[in-house]
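Below is one structure; the comments refer to it alone.
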Amino acid sequence: MLTPEPLTTKLSTKGQVILPKAIRRELRWAAGTRLVVENTPDGVLLKPEPVLPETRPEDVFGSVAYDGPPKSPQEMREGVLAEARRRHAGD
């Protein structure tokens, strides 16, 4: 996961910390990556901010209404494939 050798950095007068390049490369954190900062008993934890907000099934259940008989999994696959073909043909 992380490099076995401990890496160090300094806190600037502005409170900024530079993460070592090896860590940024391994985690694929490019400039501008938004990070969530958490204070934990073991120290400060940095993790990437989620791209989408967390949702629960009850928050989205029924958001796409369908009025008709239930579709089989095969019919759903065929419908998705037909739509993909239609969109691809429009390129």
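Chain lettering (A, B, ...) mirrors the order of the structure tokens, residue numbering begins at 1 for each chain separately, and ligand numbering begins at 1 in order of display.
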
Spatial neighbours of A:Thr8, max dist 12 Å, only C-alpha atoms, sep filter under 2 positions, as a ChimeraX atom specification: /A:5-6,10-11,17-23

DSSP-assigned strand (DSSP E) among chain A, expressed as a PyMOL selection string: chain A and resi 35-40+43-48

I need the chosen residues saved as a compact mmCIF listing (two decimals), in the first residue's frame, with C-alpha atoms.
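Writing the result to selection_9.txt gives the following:
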# COMPACT_ATOMS: atom_id res chain seq x y z
CA LEU A 35 -9.79 16.17 0.65
CA VAL A 36 -11.87 15.54 3.76
CA VAL A 37 -9.84 16.20 6.93
CA GLU A 38 -10.69 14.23 10.07
CA ASN A 39 -9.12 14.50 13.51
CA THR A 40 -8.67 10.97 14.89
CA GLY A 43 -3.65 11.75 14.13
CA VAL A 44 -5.07 13.56 11.13
CA LEU A 45 -6.77 11.48 8.42
CA LEU A 46 -6.98 12.76 4.84
CA LYS A 47 -9.28 11.10 2.35
CA PRO A 48 -10.70 12.21 -1.01

Residues of chain A in helix (DSSP H, G or I), written as a count of residues only: 28

Atom-to-atom span, atom CA of A:Ala82 and atom CA of A:Leu52, Å: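 Computed distance, atom CA of A:Ala82 to atom CA of A:Leu52, equals 28.0 Å.
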